[in-house]
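A.B. asks: My structure is stored as model09.cif, with mmCIF, C-alpha atoms and all ligand atoms.
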```cif
data_entry
#
loop_
_atom_site.label_atom_id
_atom_site.label_comp_id
_atom_site.auth_asym_id
_atom_site.auth_seq_id
_atom_site.Cartn_x
_atom_site.Cartn_y
_atom_site.Cartn_z
CA MET A 966 -37.38 -17.32 -17.71
CA LEU A 967 -39.09 -14.86 -20.04
CA ALA A 968 -41.61 -13.89 -17.34
CA ARG A 969 -38.72 -13.15 -14.98
CA PHE A 970 -36.91 -11.10 -17.66
CA GLU A 971 -40.08 -9.05 -18.09
CA GLU A 972 -40.29 -8.59 -14.33
CA MET A 973 -36.69 -7.30 -14.44
CA GLY A 974 -37.95 -4.56 -16.74
CA PHE A 975 -36.46 -5.79 -20.04
CA ASP A 976 -38.28 -5.05 -23.29
CA LEU A 977 -38.46 -8.63 -24.61
CA SER A 978 -38.82 -7.54 -28.24
CA GLN A 979 -35.27 -6.11 -28.10
CA PHE A 980 -33.78 -8.19 -25.34
CA VAL A 981 -34.54 -11.73 -26.57
CA PRO A 982 -33.25 -11.34 -30.17
CA ALA A 983 -30.07 -9.73 -28.79
CA LEU A 984 -29.66 -12.53 -26.24
CA LEU A 985 -29.87 -15.17 -28.98
CA ARG A 986 -27.65 -13.35 -31.53
CA PRO A 987 -23.99 -14.41 -31.22
CA PRO A 988 -21.82 -11.41 -30.27
CA SER A 989 -18.74 -10.50 -32.35
CA GLN A 990 -15.87 -12.85 -31.85
CA THR A 991 -13.14 -11.57 -29.58
CA PHE A 992 -9.70 -12.66 -28.51
CA ARG A 993 -7.21 -11.65 -25.86
CA ILE A 994 -3.50 -11.39 -26.63
CA ASN A 995 -1.48 -13.55 -24.25
CA THR A 996 1.62 -11.50 -23.44
CA LEU A 997 3.28 -14.54 -21.83
CA LYS A 998 3.77 -15.89 -25.35
CA GLY A 999 4.13 -12.87 -27.62
CA SER A 1000 4.05 -9.09 -27.76
CA ARG A 1001 0.92 -7.13 -28.74
CA GLU A 1002 2.64 -5.87 -31.90
CA GLN A 1003 3.84 -9.32 -32.95
CA VAL A 1004 0.40 -10.91 -32.52
CA LEU A 1005 -1.47 -8.06 -34.23
CA LYS A 1006 0.92 -8.30 -37.17
CA SER A 1007 0.39 -12.04 -37.40
CA LEU A 1008 -3.44 -11.62 -37.34
CA SER A 1009 -3.60 -8.48 -39.51
CA LEU A 1010 -5.75 -10.21 -42.18
CA LEU A 1011 -8.56 -10.51 -39.61
CA GLU A 1012 -8.45 -6.70 -39.10
CA PRO A 1013 -8.75 -6.86 -35.28
CA GLU A 1014 -10.36 -3.84 -33.63
CA PRO A 1015 -9.62 -2.93 -29.99
CA VAL A 1016 -12.62 -3.15 -27.61
CA GLY A 1017 -11.45 0.00 -25.82
CA TRP A 1018 -11.48 -1.01 -22.15
CA ASN A 1019 -8.54 -3.44 -22.34
CA ASP A 1020 -5.53 -2.90 -24.64
CA LEU A 1021 -5.13 -6.63 -25.18
CA VAL A 1022 -8.71 -7.52 -26.19
CA PHE A 1023 -9.85 -7.28 -29.84
CA ARG A 1024 -12.96 -7.95 -31.90
CA ILE A 1025 -12.99 -9.40 -35.39
CA LYS A 1026 -15.79 -9.01 -37.95
CA ASP A 1027 -15.22 -12.41 -39.52
CA ARG A 1028 -17.02 -15.52 -38.19
CA GLN A 1029 -13.68 -17.34 -38.44
CA LYS A 1030 -13.33 -19.94 -35.69
CA LEU A 1031 -10.55 -18.42 -33.61
CA GLY A 1032 -9.92 -21.71 -31.81
CA ASN A 1033 -8.71 -23.22 -35.12
CA LEU A 1034 -5.94 -20.66 -35.66
CA LEU A 1035 -2.29 -21.52 -35.26
CA GLU A 1036 -1.96 -18.45 -32.98
CA HIS A 1037 -4.53 -20.03 -30.65
CA PHE A 1038 -2.76 -23.40 -30.71
CA LEU A 1039 0.53 -21.67 -29.85
CA GLY A 1040 -1.06 -19.80 -26.94
CA LEU A 1041 -0.46 -16.39 -28.51
CA ILE A 1042 -4.18 -15.64 -28.24
CA TYR A 1043 -7.05 -16.83 -26.08
CA ALA A 1044 -10.47 -16.89 -27.80
CA GLN A 1045 -12.81 -15.44 -25.19
CA ASP A 1046 -16.10 -13.53 -25.21
CA ALA A 1047 -15.60 -9.80 -24.62
CA SER A 1048 -17.68 -9.87 -21.41
CA SER A 1049 -15.62 -12.70 -19.99
CA THR A 1050 -12.46 -10.54 -20.13
CA ILE A 1051 -14.03 -7.86 -17.91
CA PRO A 1052 -13.84 -9.47 -14.42
CA VAL A 1053 -10.02 -9.76 -14.58
CA THR A 1054 -9.73 -6.29 -16.14
CA VAL A 1055 -11.66 -4.98 -13.12
CA LEU A 1056 -9.65 -7.15 -10.66
CA ASP A 1057 -6.44 -5.57 -12.04
CA PRO A 1058 -3.89 -8.24 -10.89
CA GLN A 1059 -0.32 -7.04 -10.31
CA PRO A 1060 3.06 -8.78 -10.54
CA ASP A 1061 4.37 -10.49 -7.37
CA GLU A 1062 0.97 -10.73 -5.70
CA GLU A 1063 -0.73 -13.83 -4.27
CA ILE A 1064 -4.06 -14.36 -6.00
CA LEU A 1065 -6.83 -16.95 -5.76
CA ASP A 1066 -9.11 -17.83 -8.68
CA MET A 1067 -11.74 -19.73 -6.69
CA ALA A 1068 -13.72 -21.31 -9.58
CA ALA A 1069 -11.15 -21.37 -12.35
CA ALA A 1070 -11.97 -24.10 -14.91
CA PRO A 1071 -11.51 -24.06 -17.88
CA GLY A 1072 -9.12 -21.18 -17.26
CA SER A 1073 -10.08 -18.20 -19.45
CA LYS A 1074 -9.69 -15.90 -16.49
CA ALA A 1075 -6.87 -17.77 -14.71
CA THR A 1076 -4.70 -17.44 -17.84
CA GLN A 1077 -5.59 -13.74 -18.04
CA ILE A 1078 -4.62 -13.25 -14.37
CA ALA A 1079 -1.30 -15.10 -14.81
CA ALA A 1080 -0.46 -12.94 -17.84
CA ALA A 1081 -1.25 -9.73 -15.92
CA MET A 1082 1.07 -10.99 -13.16
CA ALA A 1083 3.76 -11.60 -15.83
CA ASN A 1084 4.20 -15.13 -14.43
CA THR A 1085 5.44 -13.78 -11.06
CA GLY A 1086 4.02 -14.16 -7.54
CA LEU A 1087 1.55 -16.99 -6.97
CA LEU A 1088 -1.79 -17.79 -8.56
CA VAL A 1089 -3.91 -20.54 -7.02
CA ALA A 1090 -6.35 -21.78 -9.67
CA ASN A 1091 -9.01 -23.82 -7.93
CA ASP A 1092 -12.07 -25.67 -9.16
CA VAL A 1093 -14.22 -28.27 -7.45
CA SER A 1094 -14.96 -30.28 -10.59
CA PRO A 1095 -12.64 -33.23 -11.37
CA LYS A 1096 -14.06 -33.30 -14.92
CA ARG A 1097 -13.08 -29.69 -15.59
CA ILE A 1098 -9.53 -29.75 -14.17
CA PRO A 1099 -7.93 -31.26 -17.34
CA SER A 1100 -9.17 -28.37 -19.51
CA LEU A 1101 -7.86 -25.92 -16.91
CA THR A 1102 -4.38 -27.45 -16.85
CA ALA A 1103 -4.32 -27.76 -20.67
CA ASN A 1104 -5.16 -24.05 -21.05
CA LEU A 1105 -2.56 -23.04 -18.44
CA ASP A 1106 0.05 -25.11 -20.31
CA ARG A 1107 -0.92 -23.77 -23.75
CA SER A 1108 -0.71 -20.23 -22.40
CA GLY A 1109 2.79 -20.70 -20.95
CA VAL A 1110 1.66 -20.12 -17.35
CA LEU A 1111 4.36 -20.92 -14.77
CA ASN A 1112 3.27 -19.14 -11.57
CA THR A 1113 0.16 -21.22 -10.89
CA VAL A 1114 -0.78 -24.17 -8.73
CA VAL A 1115 -4.02 -26.00 -9.44
CA THR A 1116 -6.18 -27.21 -6.56
CA ARG A 1117 -9.41 -29.18 -6.54
CA LEU A 1118 -11.33 -28.07 -3.47
CA PRO A 1119 -14.74 -26.64 -2.75
CA GLY A 1120 -14.12 -22.88 -2.83
CA GLN A 1121 -15.92 -22.76 0.53
CA ALA A 1122 -12.76 -24.27 2.13
CA TYR A 1123 -10.45 -21.35 1.34
CA GLY A 1124 -11.84 -19.03 4.01
CA HIS A 1125 -10.62 -21.55 6.63
CA ILE A 1126 -7.45 -22.96 5.10
CA ALA A 1127 -6.10 -19.66 3.77
CA ALA A 1128 -7.65 -16.95 5.96
CA GLU A 1129 -6.38 -13.44 5.10
CA ARG A 1130 -3.85 -14.93 2.68
CA PHE A 1131 -4.55 -13.38 -0.72
CA ASP A 1132 -4.00 -9.90 -2.18
CA ARG A 1133 -6.79 -10.52 -4.70
CA VAL A 1134 -9.49 -13.11 -5.21
CA LEU A 1135 -11.69 -13.82 -8.22
CA ILE A 1136 -15.00 -15.67 -7.76
CA ASP A 1137 -16.34 -16.33 -11.24
CA ALA A 1138 -19.25 -18.14 -9.71
CA PRO A 1139 -21.22 -21.16 -10.86
CA CYS A 1140 -24.51 -19.58 -11.96
CA SER A 1141 -27.68 -20.12 -13.98
CA SER A 1142 -25.83 -18.84 -17.11
CA GLU A 1143 -28.76 -16.90 -18.58
CA GLY A 1144 -26.33 -14.58 -20.38
CA THR A 1145 -24.78 -17.36 -22.46
CA LEU A 1146 -27.80 -18.46 -24.55
CA SER A 1147 -26.31 -17.13 -27.80
CA ARG A 1148 -23.44 -19.62 -27.36
CA SER A 1149 -25.47 -22.67 -26.34
CA PHE A 1150 -28.84 -23.72 -25.00
CA ARG A 1151 -27.19 -25.77 -22.26
CA ALA A 1152 -28.29 -23.18 -19.71
CA LEU A 1153 -31.91 -24.05 -20.53
CA GLU A 1154 -31.29 -27.65 -19.48
CA ILE A 1155 -30.21 -26.69 -15.97
CA TRP A 1156 -32.33 -23.56 -15.55
CA SER A 1157 -35.18 -23.62 -13.03
CA LYS A 1158 -36.36 -21.47 -10.16
CA SER A 1159 -35.05 -24.07 -7.72
CA ALA A 1160 -31.64 -24.06 -9.51
CA ILE A 1161 -31.44 -20.29 -8.97
CA LYS A 1162 -32.21 -20.81 -5.28
CA ARG A 1163 -29.61 -23.57 -4.96
CA LEU A 1164 -26.95 -21.62 -6.88
CA SER A 1165 -27.52 -18.46 -4.86
CA ALA A 1166 -26.99 -20.45 -1.63
CA THR A 1167 -23.64 -21.75 -3.00
CA GLN A 1168 -22.68 -18.27 -4.19
CA ARG A 1169 -23.31 -16.82 -0.72
CA ASN A 1170 -20.97 -19.39 0.80
CA LEU A 1171 -18.33 -18.75 -1.88
CA ILE A 1172 -18.41 -14.97 -1.51
CA MET A 1173 -18.05 -15.26 2.29
CA SER A 1174 -15.15 -17.71 1.92
CA ALA A 1175 -13.47 -15.37 -0.59
CA TYR A 1176 -13.83 -12.41 1.76
CA TYR A 1177 -12.31 -14.39 4.66
CA SER A 1178 -9.40 -15.44 2.44
CA LEU A 1179 -8.63 -11.83 1.47
CA LYS A 1180 -5.88 -9.86 3.26
CA PRO A 1181 -6.96 -6.58 4.89
CA GLY A 1182 -6.62 -4.04 2.08
CA GLY A 1183 -7.22 -6.77 -0.52
CA VAL A 1184 -9.58 -6.67 -3.49
CA MET A 1185 -11.94 -9.26 -4.86
CA VAL A 1186 -14.18 -9.52 -7.89
CA TYR A 1187 -17.46 -11.43 -7.90
CA SER A 1188 -18.83 -12.21 -11.36
CA THR A 1189 -21.59 -14.25 -12.98
CA CYS A 1190 -22.86 -14.72 -16.54
CA THR A 1191 -26.49 -14.47 -15.47
CA PHE A 1192 -29.15 -11.79 -14.98
CA ALA A 1193 -30.91 -13.25 -11.92
CA PRO A 1194 -30.85 -10.60 -9.14
CA GLU A 1195 -30.79 -13.36 -6.49
CA GLU A 1196 -27.39 -14.45 -7.89
CA ASN A 1197 -25.93 -10.95 -8.26
CA GLU A 1198 -27.23 -8.15 -6.03
CA GLY A 1199 -28.63 -10.80 -3.63
CA THR A 1200 -25.21 -12.45 -3.17
CA VAL A 1201 -23.31 -9.17 -2.79
CA SER A 1202 -25.97 -7.82 -0.38
CA HIS A 1203 -25.55 -10.98 1.71
CA LEU A 1204 -21.83 -10.23 2.08
CA LEU A 1205 -22.57 -6.62 3.02
CA ASP A 1206 -25.08 -7.78 5.67
CA LYS A 1207 -22.34 -9.88 7.28
CA PHE A 1208 -19.48 -7.41 6.67
CA PRO A 1209 -20.93 -3.87 6.57
CA ASP A 1210 -17.43 -2.39 6.14
CA ALA A 1211 -16.82 -4.23 2.82
CA ILE A 1212 -16.74 -1.67 0.00
CA VAL A 1213 -18.40 -2.26 -3.38
CA GLU A 1214 -16.29 0.01 -5.56
CA PRO A 1215 -17.57 1.93 -8.57
CA THR A 1216 -15.99 0.73 -11.82
CA ASP A 1217 -15.84 2.70 -14.99
CA LEU A 1218 -14.32 1.05 -18.05
CA GLU A 1219 -13.74 3.23 -21.09
CA GLY A 1220 -16.18 2.58 -23.92
CA LEU A 1221 -18.17 -0.04 -22.00
CA ASN A 1222 -21.94 0.32 -22.09
CA SER A 1223 -23.19 -0.98 -18.74
CA GLN A 1224 -26.03 -0.54 -16.26
CA PRO A 1225 -25.91 -0.24 -12.46
CA GLY A 1226 -27.06 -3.03 -10.13
CA PHE A 1227 -30.76 -3.36 -9.31
CA SER A 1228 -31.93 -1.65 -6.11
CA GLU A 1229 -34.65 -4.21 -5.33
CA TRP A 1230 -36.21 -7.46 -6.52
CA ARG A 1231 -39.60 -8.88 -5.65
CA GLY A 1232 -40.04 -6.59 -2.66
CA GLU A 1233 -36.52 -7.18 -1.27
CA GLU A 1234 -34.52 -3.95 -0.99
CA PHE A 1235 -30.82 -4.56 -1.59
CA ASN A 1236 -27.97 -2.75 0.16
CA PRO A 1237 -27.69 0.60 -1.71
CA ALA A 1238 -23.98 -0.11 -2.43
CA VAL A 1239 -24.95 -2.81 -4.97
CA LYS A 1240 -25.73 -0.06 -7.46
CA ASN A 1241 -21.95 -0.14 -8.10
CA ILE A 1242 -22.29 -3.61 -9.65
CA LEU A 1243 -21.65 -3.53 -13.40
CA ARG A 1244 -24.48 -5.14 -15.37
CA LEU A 1245 -23.86 -5.96 -19.04
CA PHE A 1246 -26.82 -6.58 -21.32
CA PRO A 1247 -26.60 -8.10 -24.82
CA HIS A 1248 -28.96 -5.49 -26.33
CA GLU A 1249 -26.63 -2.69 -25.17
CA HIS A 1250 -23.18 -4.24 -25.36
CA ASP A 1251 -21.58 -6.51 -27.98
CA GLY A 1252 -20.93 -9.46 -25.66
CA GLU A 1253 -22.67 -12.01 -23.48
CA GLY A 1254 -24.77 -11.02 -20.46
CA PHE A 1255 -22.57 -10.54 -17.38
CA CYS A 1256 -22.50 -9.03 -13.88
CA VAL A 1257 -19.30 -7.88 -12.19
CA ALA A 1258 -18.72 -6.48 -8.69
CA ARG A 1259 -15.38 -5.20 -7.36
CA ILE A 1260 -15.25 -5.39 -3.57
CA SER A 1261 -12.45 -4.26 -1.28
CA LYS A 1262 -11.66 -5.14 2.32
CA PRO A 1263 -10.60 -2.21 4.51
CA ASN A 1264 -7.15 -2.27 6.15
C1 LIG B 1 -18.46 -19.94 -14.57
S1 LIG B 1 -17.52 -21.39 -14.39
C2 LIG B 1 -15.88 -20.75 -14.23
C3 LIG B 1 -15.27 -20.30 -15.54
C4 LIG B 1 -13.80 -19.92 -15.40
N1 LIG B 1 -13.62 -18.92 -14.35
C5 LIG B 1 -13.24 -19.39 -16.70
O1 LIG B 1 -13.23 -18.16 -16.88
O2 LIG B 1 -12.80 -20.19 -17.53
C6 LIG B 1 -17.87 -21.84 -12.74
C7 LIG B 1 -17.00 -22.95 -12.20
O3 LIG B 1 -17.32 -23.12 -10.82
C8 LIG B 1 -17.00 -24.44 -10.47
N2 LIG B 1 -17.63 -24.69 -9.17
C9 LIG B 1 -18.90 -25.02 -8.89
N3 LIG B 1 -19.07 -25.10 -7.56
C10 LIG B 1 -17.88 -24.81 -6.98
C11 LIG B 1 -17.41 -24.75 -5.64
N4 LIG B 1 -18.22 -24.99 -4.62
N5 LIG B 1 -16.11 -24.44 -5.44
C12 LIG B 1 -15.27 -24.20 -6.47
N6 LIG B 1 -15.66 -24.26 -7.75
C13 LIG B 1 -16.94 -24.55 -8.01
C14 LIG B 1 -17.54 -25.23 -11.66
O4 LIG B 1 -16.92 -26.50 -11.73
C15 LIG B 1 -17.18 -24.32 -12.83
O5 LIG B 1 -15.97 -24.71 -13.42
#
```
What is this structure when it is put down as structure tokens?

C.D. replies:
Amino acid sequence: MLARFEEMGFDLSQFVPALLRPPSQTFRINTLKGSREQVLKSLSLLEPEPVGWNDLVFRIKDRQKLGNLLEHFLGLIYAQDASSTIPVTVLDPQPDEEILDMAAAPGSKATQIAAAMANTGLLVANDVSPKRIPSLTANLDRSGVLNTVVTRLPGQAYGHIAAERFDRVLIDAPCSSEGTLSRSFRALEIWSKSAIKRLSATQRNLIMSAYYSLKPGGVMVYSTCTFAPEENEGTVSHLLDKFPDAIVEPTDLEGLNSQPGFSEWRGEEFNPAVKNILRLFPHEHDGEGFCVARISKPN
């Protein structure tokens, strides 16, 4: 892993300590349960500071376990890493739309989508894993979500069963999770070069299925919590090879320190449009490592 990071051009003396240092704790206010003012008043002792790019996401200095707070139990807040709130911020869900969250468990982003939709329209929160569905439904319940149906299908099915159905789609893809090492070393247990190869094959199928399931004029976001170019630029380039008219949109979030997508990896030149992918690095941004691409389908 370290040799690959070096090959990606990271200075390991800065990158590795930052990757292993836990970022500040952050939470998102769940407006389905309370107003921003009400929740900030209730948590004023923690002195929450806004992250800047999303009015509802705040950092705290304390190492207080947010998941133990009454506000969390009541669904007024969702404890979530800052980076993990970015894909839905970039997706920008709207009330009354039909939206698919293709790999939704345990629901950090599905609950964020439902709140942005103000519990209107329809959210389909899907995940293939029977083991992870209970945490998804528990988080939807705790957050007061009412506009959502939960399905347990391979995301690959949606391109066929719901072709051109959705206004927006989120694919928060299964990935090698290199960006999450400050939270747990679990990623090291599954990480291998062959895992990256296997995951990138799944991701290519998921991104194609998501694109098929999108209405003309629709928008999707592809995100991972890993640095591997095969799983980020490689996956998005694959979509662009098959659908050259798909548009990878530039995204600019206020106060967010990010890098553009890589232009090549190990001799493979990516589609130039992948430079619009947002890459978040732990030595530059107070959050886990993440990659986010916003892709639209022409009318
Ligand atoms: C990064 S996690 C999703 C996290 C979730 N979006 C959140 O924010 O709470 C990736 C998820 O993909 C699911 N998954 C793996 N393969 C899948 C497939 N073929 N179709 C749908 N979901 C899949 C896993 O079970 C896992 O829950």

A.B. asks: Within 6 Å of ligand LIG 1 (chain B), counting all atoms listed in the file: which residues, as a CSV table (one decimal) with C-alpha atoms, keeping the file's coordinate frame?

C.D. replies:
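Printed below is selection_14.csv as written:
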```
chain,number,residue,atom,x,y,z
A,1067,MET,CA,-11.7,-19.7,-6.7
A,1068,ALA,CA,-13.7,-21.3,-9.6
A,1069,ALA,CA,-11.2,-21.4,-12.4
A,1070,ALA,CA,-12.0,-24.1,-14.9
A,1071,PRO,CA,-11.5,-24.1,-17.9
A,1072,GLY,CA,-9.1,-21.2,-17.3
A,1073,SER,CA,-10.1,-18.2,-19.4
A,1074,LYS,CA,-9.7,-15.9,-16.5
A,1092,ASP,CA,-12.1,-25.7,-9.2
A,1093,VAL,CA,-14.2,-28.3,-7.4
A,1094,SER,CA,-15.0,-30.3,-10.6
A,1119,PRO,CA,-14.7,-26.6,-2.8
A,1120,GLY,CA,-14.1,-22.9,-2.8
A,1137,ASP,CA,-16.3,-16.3,-11.2
A,1138,ALA,CA,-19.2,-18.1,-9.7
A,1139,PRO,CA,-21.2,-21.2,-10.9
```

A.B. asks: Just give me the residues with any atom within 9 Å of (-8.7, -13.7, 0.8), file coordinates, counting only C-alpha atoms, written as a VMD selection string.

C.D. replies: chain A and resid 1064 to 1065 1123 to 1124 1127 to 1134 1174 to 1181 1183 to 1185

A.B. asks: State, in Å with one decimal place, the distance from CA of Trp1156 (chain A) to CA of Gly1144 (chain A).

C.D. replies: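 Atom-to-atom, CA of Trp1156 (chain A) and CA of Gly1144 (chain A) are spaced 11.8 Å apart.
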
A.B. asks: For Leu984 (chain A), which of A:Ser1142, A:Asn1197, A:Ser1159, A:Ser1108 is the closest residue, counting all atoms listed in the file?

C.D. replies: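 The shortest atom-to-atom distance to Leu984 (chain A) comes from A:Ser1142.
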
A.B. asks: So that I can check the surroundings of Asp1020 (chain A), please list as a PyMOL selection string every protein, DNA and RNA residue that reaches within 10 Å of it, counting only C-alpha atoms and ignoring chain neighbours fewer than 3 positions away.

C.D. replies: chain A and resi 993-994+1001+1015-1017+1023

A.B. asks: Missing atoms in region 1210-1234 of chain A need filling: write out N, CA and C atoms for it as a short mmCIF file (atom, residue, chain, number, x, y, z; two decimals), in the coordinates of the input.

C.D. replies:
```
data_model
loop_
_atom_site.label_atom_id
_atom_site.label_comp_id
_atom_site.auth_asym_id
_atom_site.auth_seq_id
_atom_site.Cartn_x
_atom_site.Cartn_y
_atom_site.Cartn_z
N ASP A 1210 -18.53 -3.29 6.56
CA ASP A 1210 -17.43 -2.39 6.14
C ASP A 1210 -16.81 -2.79 4.79
N ALA A 1211 -17.29 -3.88 4.18
CA ALA A 1211 -16.82 -4.23 2.82
C ALA A 1211 -17.29 -3.12 1.86
N ILE A 1212 -16.42 -2.79 0.90
CA ILE A 1212 -16.74 -1.67 0.00
C ILE A 1212 -16.97 -2.19 -1.42
N VAL A 1213 -18.16 -1.94 -1.97
CA VAL A 1213 -18.40 -2.26 -3.38
C VAL A 1213 -17.97 -1.02 -4.16
N GLU A 1214 -16.89 -1.17 -4.92
CA GLU A 1214 -16.29 0.01 -5.56
C GLU A 1214 -16.97 0.32 -6.89
N PRO A 1215 -17.08 1.60 -7.22
CA PRO A 1215 -17.57 1.93 -8.57
C PRO A 1215 -16.52 1.55 -9.60
N THR A 1216 -16.95 1.06 -10.76
CA THR A 1216 -15.99 0.73 -11.82
C THR A 1216 -16.45 1.42 -13.10
N ASP A 1217 -15.49 1.98 -13.78
CA ASP A 1217 -15.84 2.70 -14.99
C ASP A 1217 -14.83 2.30 -16.05
N LEU A 1218 -15.25 1.48 -17.00
CA LEU A 1218 -14.32 1.05 -18.05
C LEU A 1218 -14.63 1.81 -19.32
N GLU A 1219 -13.58 2.37 -19.91
CA GLU A 1219 -13.74 3.23 -21.09
C GLU A 1219 -14.46 2.50 -22.24
N GLY A 1220 -15.50 3.12 -22.75
CA GLY A 1220 -16.18 2.58 -23.92
C GLY A 1220 -17.11 1.42 -23.62
N LEU A 1221 -17.32 1.11 -22.35
CA LEU A 1221 -18.17 -0.04 -22.00
C LEU A 1221 -19.56 0.44 -21.62
N ASN A 1222 -20.55 -0.07 -22.35
CA ASN A 1222 -21.94 0.32 -22.09
C ASN A 1222 -22.53 -0.62 -21.04
N SER A 1223 -22.71 -0.11 -19.82
CA SER A 1223 -23.19 -0.98 -18.74
C SER A 1223 -24.31 -0.30 -17.97
N GLN A 1224 -24.97 -1.07 -17.13
CA GLN A 1224 -26.03 -0.54 -16.26
C GLN A 1224 -25.66 -0.79 -14.81
N PRO A 1225 -26.19 0.02 -13.88
CA PRO A 1225 -25.91 -0.24 -12.46
C PRO A 1225 -26.71 -1.44 -11.94
N GLY A 1226 -26.33 -1.92 -10.76
CA GLY A 1226 -27.06 -3.03 -10.13
C GLY A 1226 -28.49 -2.61 -9.79
N PHE A 1227 -29.36 -3.62 -9.67
CA PHE A 1227 -30.76 -3.36 -9.31
C PHE A 1227 -30.84 -2.93 -7.83
N SER A 1228 -31.81 -2.06 -7.52
CA SER A 1228 -31.93 -1.65 -6.11
C SER A 1228 -32.87 -2.58 -5.34
N GLU A 1229 -33.76 -3.26 -6.04
CA GLU A 1229 -34.65 -4.21 -5.33
C GLU A 1229 -35.13 -5.29 -6.29
N TRP A 1230 -35.66 -6.37 -5.71
CA TRP A 1230 -36.21 -7.46 -6.52
C TRP A 1230 -37.29 -8.15 -5.71
N ARG A 1231 -38.47 -8.20 -6.28
CA ARG A 1231 -39.60 -8.88 -5.65
C ARG A 1231 -39.80 -8.46 -4.20
N GLY A 1232 -39.76 -7.12 -3.99
CA GLY A 1232 -40.04 -6.59 -2.66
C GLY A 1232 -38.83 -6.56 -1.73
N GLU A 1233 -37.72 -7.22 -2.14
CA GLU A 1233 -36.52 -7.18 -1.27
C GLU A 1233 -35.64 -6.00 -1.68
N GLU A 1234 -35.41 -5.10 -0.73
CA GLU A 1234 -34.52 -3.95 -0.99
C GLU A 1234 -33.09 -4.43 -0.78
#
```
